[in-house]
file protein.txt (compact mmCIF, C-alpha atoms)
# COMPACT_ATOMS: atom_id res chain seq x y z
CA MET A 1 -3.84 12.82 -16.76
CA ASP A 2 -2.33 16.03 -18.00
CA LYS A 3 0.25 17.98 -16.02
CA HIS A 4 -1.95 20.97 -15.14
CA THR A 5 -4.77 18.73 -13.83
CA PHE A 6 -2.33 16.67 -11.77
CA LEU A 7 -0.59 19.66 -10.21
CA THR A 8 -3.91 21.34 -9.41
CA GLU A 9 -5.66 18.24 -8.05
CA TYR A 10 -2.76 17.26 -5.79
CA ASN A 11 -1.82 20.82 -4.81
CA ILE A 12 1.70 20.56 -6.22
CA SER A 13 3.46 23.63 -7.54
CA GLU A 14 6.00 23.80 -10.34
CA GLU A 15 8.52 24.61 -7.60
CA ASP A 16 7.61 21.39 -5.75
CA LEU A 17 8.13 19.43 -8.95
CA ALA A 18 11.49 21.12 -9.52
CA ALA A 19 12.51 20.46 -5.88
CA ALA A 20 11.67 16.77 -6.42
CA ASN A 21 14.10 16.79 -9.36
CA ILE A 22 11.74 14.75 -11.51
CA SER A 23 10.37 15.65 -14.91
CA TRP A 24 6.76 15.45 -16.01
CA ASP A 25 7.88 12.98 -18.70
CA GLU A 26 9.27 10.66 -16.01
CA LEU A 27 5.99 10.84 -14.08
CA VAL A 28 4.13 9.91 -17.27
CA LEU A 29 6.43 6.89 -17.67
CA ILE A 30 5.70 5.87 -14.05
CA GLU A 31 1.98 6.17 -14.79
CA GLN A 32 2.32 3.98 -17.89
CA GLU A 33 4.36 1.33 -16.07
CA TYR A 34 1.94 1.32 -13.16
CA HIS A 35 -1.00 0.66 -15.48
CA LYS A 36 0.88 -2.41 -16.79
CA ARG A 37 1.15 -3.82 -13.24
CA GLU A 38 -2.19 -2.66 -11.87
CA LYS A 39 -4.23 -5.65 -13.07
CA THR A 40 -1.78 -8.10 -11.51
CA MET A 41 -1.86 -6.19 -8.23
CA ARG A 42 -5.68 -6.21 -8.21
CA GLU A 43 -5.67 -9.95 -8.86
CA LEU A 44 -3.22 -10.48 -6.00
CA GLY A 45 -5.43 -8.53 -3.59
CA LYS A 46 -8.55 -10.36 -4.80
CA SER A 47 -6.89 -13.76 -4.54
CA PHE A 48 -5.90 -12.98 -0.95
CA ILE A 49 -9.54 -12.14 -0.21
CA ASP A 50 -10.88 -15.17 -2.09
CA GLU A 51 -8.37 -17.72 -0.86
CA TYR A 52 -8.07 -16.63 2.72
CA LEU A 53 -10.56 -14.19 4.12
CA TYR A 54 -13.59 -16.09 2.87
CA ASP A 55 -12.24 -19.17 4.62
CA ILE A 56 -11.97 -17.55 8.03
CA GLU A 57 -15.08 -15.39 8.19
CA THR A 58 -16.12 -17.45 11.20
CA ALA A 59 -12.99 -16.17 12.95
CA GLY A 60 -14.68 -12.88 13.72
CA ILE A 61 -14.09 -10.83 10.59
CA HIS A 62 -16.64 -8.05 10.41
CA SER A 63 -15.67 -6.67 7.01
CA TYR A 64 -12.69 -6.05 4.77
CA ARG A 65 -11.55 -3.83 1.95
CA TYR A 66 -8.73 -3.96 -0.49
CA ARG A 67 -7.50 -1.52 -3.04
CA THR A 68 -4.69 -0.74 -5.38
CA LYS A 69 -3.22 2.73 -5.15
CA GLU A 70 -4.76 5.27 -7.50
CA VAL A 71 -2.24 6.44 -10.06
CA GLY A 72 -2.58 10.11 -9.13
CA HIS A 73 -1.82 9.31 -5.48
CA LEU A 74 1.18 7.27 -6.62
CA LEU A 75 2.58 10.16 -8.64
CA GLU A 76 1.95 12.60 -5.79
CA LYS A 77 3.78 10.27 -3.41
CA VAL A 78 6.73 9.97 -5.80
CA VAL A 79 7.03 13.76 -5.99
CA ARG A 80 6.68 14.10 -2.20
CA LYS A 81 9.24 11.37 -1.41
CA ARG A 82 11.80 12.78 -3.85
CA ARG A 83 11.24 16.34 -2.57
CA GLU A 84 11.37 15.46 1.15
CA ASN A 85 14.28 13.02 1.02
CA PRO A 86 16.26 13.59 -2.19
CA GLU A 87 19.21 11.37 -1.28
CA LYS A 88 17.14 8.32 -0.35
CA PHE A 89 14.80 8.57 -3.35
CA ALA A 90 17.13 10.03 -6.00
CA GLN A 91 17.08 6.79 -8.01
CA LEU A 92 13.29 6.32 -7.85
CA ASP A 93 12.00 6.25 -11.43
CA HIS A 94 9.67 4.38 -13.80
CA THR A 95 11.85 1.26 -13.74
CA ASN A 96 11.74 0.78 -9.98
CA TYR A 97 8.99 2.91 -8.35
CA TYR A 98 7.35 -0.28 -7.01
CA LYS A 99 10.48 -0.96 -4.97
CA PHE A 100 10.17 2.38 -3.18
CA VAL A 101 6.41 2.80 -2.73
CA THR A 102 5.34 0.16 -0.23
CA ASP A 103 1.57 0.60 -0.29
CA LEU A 104 0.62 -0.18 -3.88
CA ILE A 105 -1.82 -2.81 -2.54
CA GLY A 106 -3.71 -2.21 0.67
CA ILE A 107 -5.89 -4.67 2.56
CA ARG A 108 -7.82 -3.57 5.63
CA VAL A 109 -9.66 -6.07 7.80
CA PHE A 110 -12.12 -5.15 10.55
CA PHE A 111 -12.76 -7.68 13.30
CA LEU A 112 -15.65 -8.18 15.67
CA TYR A 113 -13.26 -9.07 18.48
CA ARG A 114 -9.82 -7.55 19.08
CA GLU A 115 -8.01 -10.86 19.43
CA GLU A 116 -9.05 -12.14 16.02
CA TRP A 117 -6.41 -10.13 14.14
CA LYS A 118 -3.94 -12.88 15.01
CA HIS A 119 -5.49 -15.24 12.42
CA VAL A 120 -4.77 -12.86 9.54
CA HIS A 121 -1.36 -12.01 10.96
CA ARG A 122 -0.40 -15.70 11.06
CA TYR A 123 -1.55 -16.14 7.48
CA LEU A 124 0.37 -13.11 6.23
CA THR A 125 3.55 -14.15 7.98
CA SER A 126 3.27 -17.69 6.61
CA LYS A 127 2.49 -16.58 3.03
CA PHE A 128 5.10 -13.84 2.79
CA GLU A 129 8.62 -13.61 4.08
CA ASN A 130 8.49 -12.61 7.71
CA ASP A 131 12.10 -12.78 8.75
CA PRO A 132 13.06 -9.20 9.69
CA ALA A 133 16.50 -9.90 8.23
CA LEU A 134 14.77 -10.36 4.87
CA TYR A 135 12.76 -7.15 5.00
CA ILE A 136 13.63 -4.57 2.46
CA GLN A 137 16.53 -2.43 3.57
CA ASP A 138 18.04 -1.40 0.25
CA ARG A 139 15.18 -0.78 -2.18
CA LEU A 140 17.27 -1.58 -5.25
CA LYS A 141 19.35 -4.53 -4.04
CA ASP A 142 16.91 -6.46 -1.85
CA PHE A 143 14.24 -7.18 -4.47
CA ASP A 144 14.68 -10.01 -6.88
CA GLU A 145 12.84 -9.85 -10.19
CA ASP A 146 10.94 -13.17 -9.87
CA PRO A 147 7.31 -12.29 -10.72
CA ASP A 148 6.06 -15.09 -8.44
CA HIS A 149 7.99 -13.78 -5.45
CA TYR A 150 6.00 -11.36 -3.32
CA TYR A 151 7.52 -9.24 -0.62
CA MET A 152 5.89 -7.76 2.39
CA ALA A 153 7.78 -4.48 2.48
CA GLU A 154 6.58 -3.66 5.99
CA ARG A 155 5.32 -5.71 8.90
CA PRO A 156 1.52 -5.92 9.11
CA ARG A 157 0.00 -3.49 11.58
CA ALA A 158 -2.91 -4.01 13.91
CA TYR A 159 -4.76 -1.00 15.27
CA LYS A 160 -7.44 -1.05 17.91
CA ARG A 161 -9.90 1.52 19.04
CA THR A 162 -8.76 3.21 22.18
CA ASP A 163 -12.16 4.37 23.33
CA ASP A 164 -14.76 2.19 24.98
CA THR A 165 -17.62 4.50 24.15
CA LYS A 166 -20.66 2.65 22.93
CA ILE A 167 -22.72 4.38 20.28
CA TYR A 168 -26.36 3.63 19.50
CA ASN A 169 -28.40 5.71 17.07
CA GLY A 170 -25.68 8.36 17.13
CA LYS A 171 -25.93 8.92 20.91
CA GLU A 172 -23.45 7.85 23.54
CA ILE A 173 -24.57 5.19 26.00
CA GLU A 174 -23.22 5.24 29.52
call {"tool": "encode", "arguments": {"input": "protein.txt", "output": "C-alpha cells"}}
result
Amino acid sequence: MDKHTFLTEYNISEEDLAAANISWDELVLIEQEYHKREKTMRELGKSFIDEYLYDIETAGIHSYRYRTKEVGHLLEKVVRKRRENPEKFAQLDHTNYYKFVTDLIGIRVFFLYREEWKHVHRYLTSKFENDPALYIQDRLKDFDEDPDHYYMAERPRAYKRTDDTKIYNGKEIE
C-alpha cells in the first residue's frame, strides 16, 4: 500500500503521522514483518477452530468467526497508539509491534445459550497462560521469543445481549 492511499483510506493526516513520531518507512517495515507472521497467525486461529470448536459444537455453539488483523488496520492502530500515548508506545516498531498490538488474531464465538461460553473459556485458560501474574505488563520484557509459546495478552471476554426482545421476520414479538 502506498502512503497516500493509506493516509486517505484511514483518514490520517500528515500531522497525525508526525504526531505519532513514526516514519512511513517504519510503517512499511511493520507491514513487511507482519506479512511474514500472518500465515502462522492464520494457522493458529484455524487450528484452534479445528482442534477445539469442532469438538464441542454440541455444547451450544451457534457459529464462530476468526480473523487475522488486516495490515492497514494494524498500521492505523500503530499510528493511533503512538500518537495518543507517546511515552507508552515510543519503542513500538517493526521488531516488536506484535508485543504491543494485542488483537492480531481474533476469534468470536456465538452461543445458543448464555452459559455455554464457559466451555470455551475453560479451554482458553487451559491452553494459554491464565495466571494474572503472567499477563503482559511490560510489552518488551514479558515476552519470550520461543515461537511455540503463545501468550494471551488479555483475558477472554464474554458479552451477552442485554435485551430480551424477540425478533421474528423483522418485527418485535411481545
call {"tool": "residues_around", "arguments": {"input": "protein.txt", "residues": "stretch 64-69 of chain A", "least_positions_apart": "5", "cutoff": "6 Å", "atoms": "all atoms listed in the file", "output": "ChimeraX atom specification"}}
result
/A:104-110
call {"tool": "closest_residue", "arguments": {"input": "protein.txt", "among": "A:His94, A:Arg83, A:Lys36, A:His73", "to": "A:Ala20", "atoms": "only C-alpha atoms"}}
result
A:Arg83
call {"tool": "atom_distance", "arguments": {"input": "protein.txt", "atom1": "atom CA of A:Asp16", "atom2": "atom CA of A:Val79"}}
result
7.7 Å
call {"tool": "atom_distance", "arguments": {"input": "protein.txt", "atom1": "atom CA of A:Leu17", "atom2": "atom CA of A:Thr40"}}
result
29.4 Å
call {"tool": "closest_residue", "arguments": {"input": "protein.txt", "among": "A:Glu15, A:Asp144, A:Asp103, A:Asp138", "to": "A:Pro156", "atoms": "all atoms listed in the file"}}
result
A:Asp103
call {"tool": "closest_residue", "arguments": {"input": "protein.txt", "among": "A:Lys46, A:His35, A:His4, A:Arg157", "to": "A:Trp117", "atoms": "all atoms listed in the file"}}
result
A:Arg157
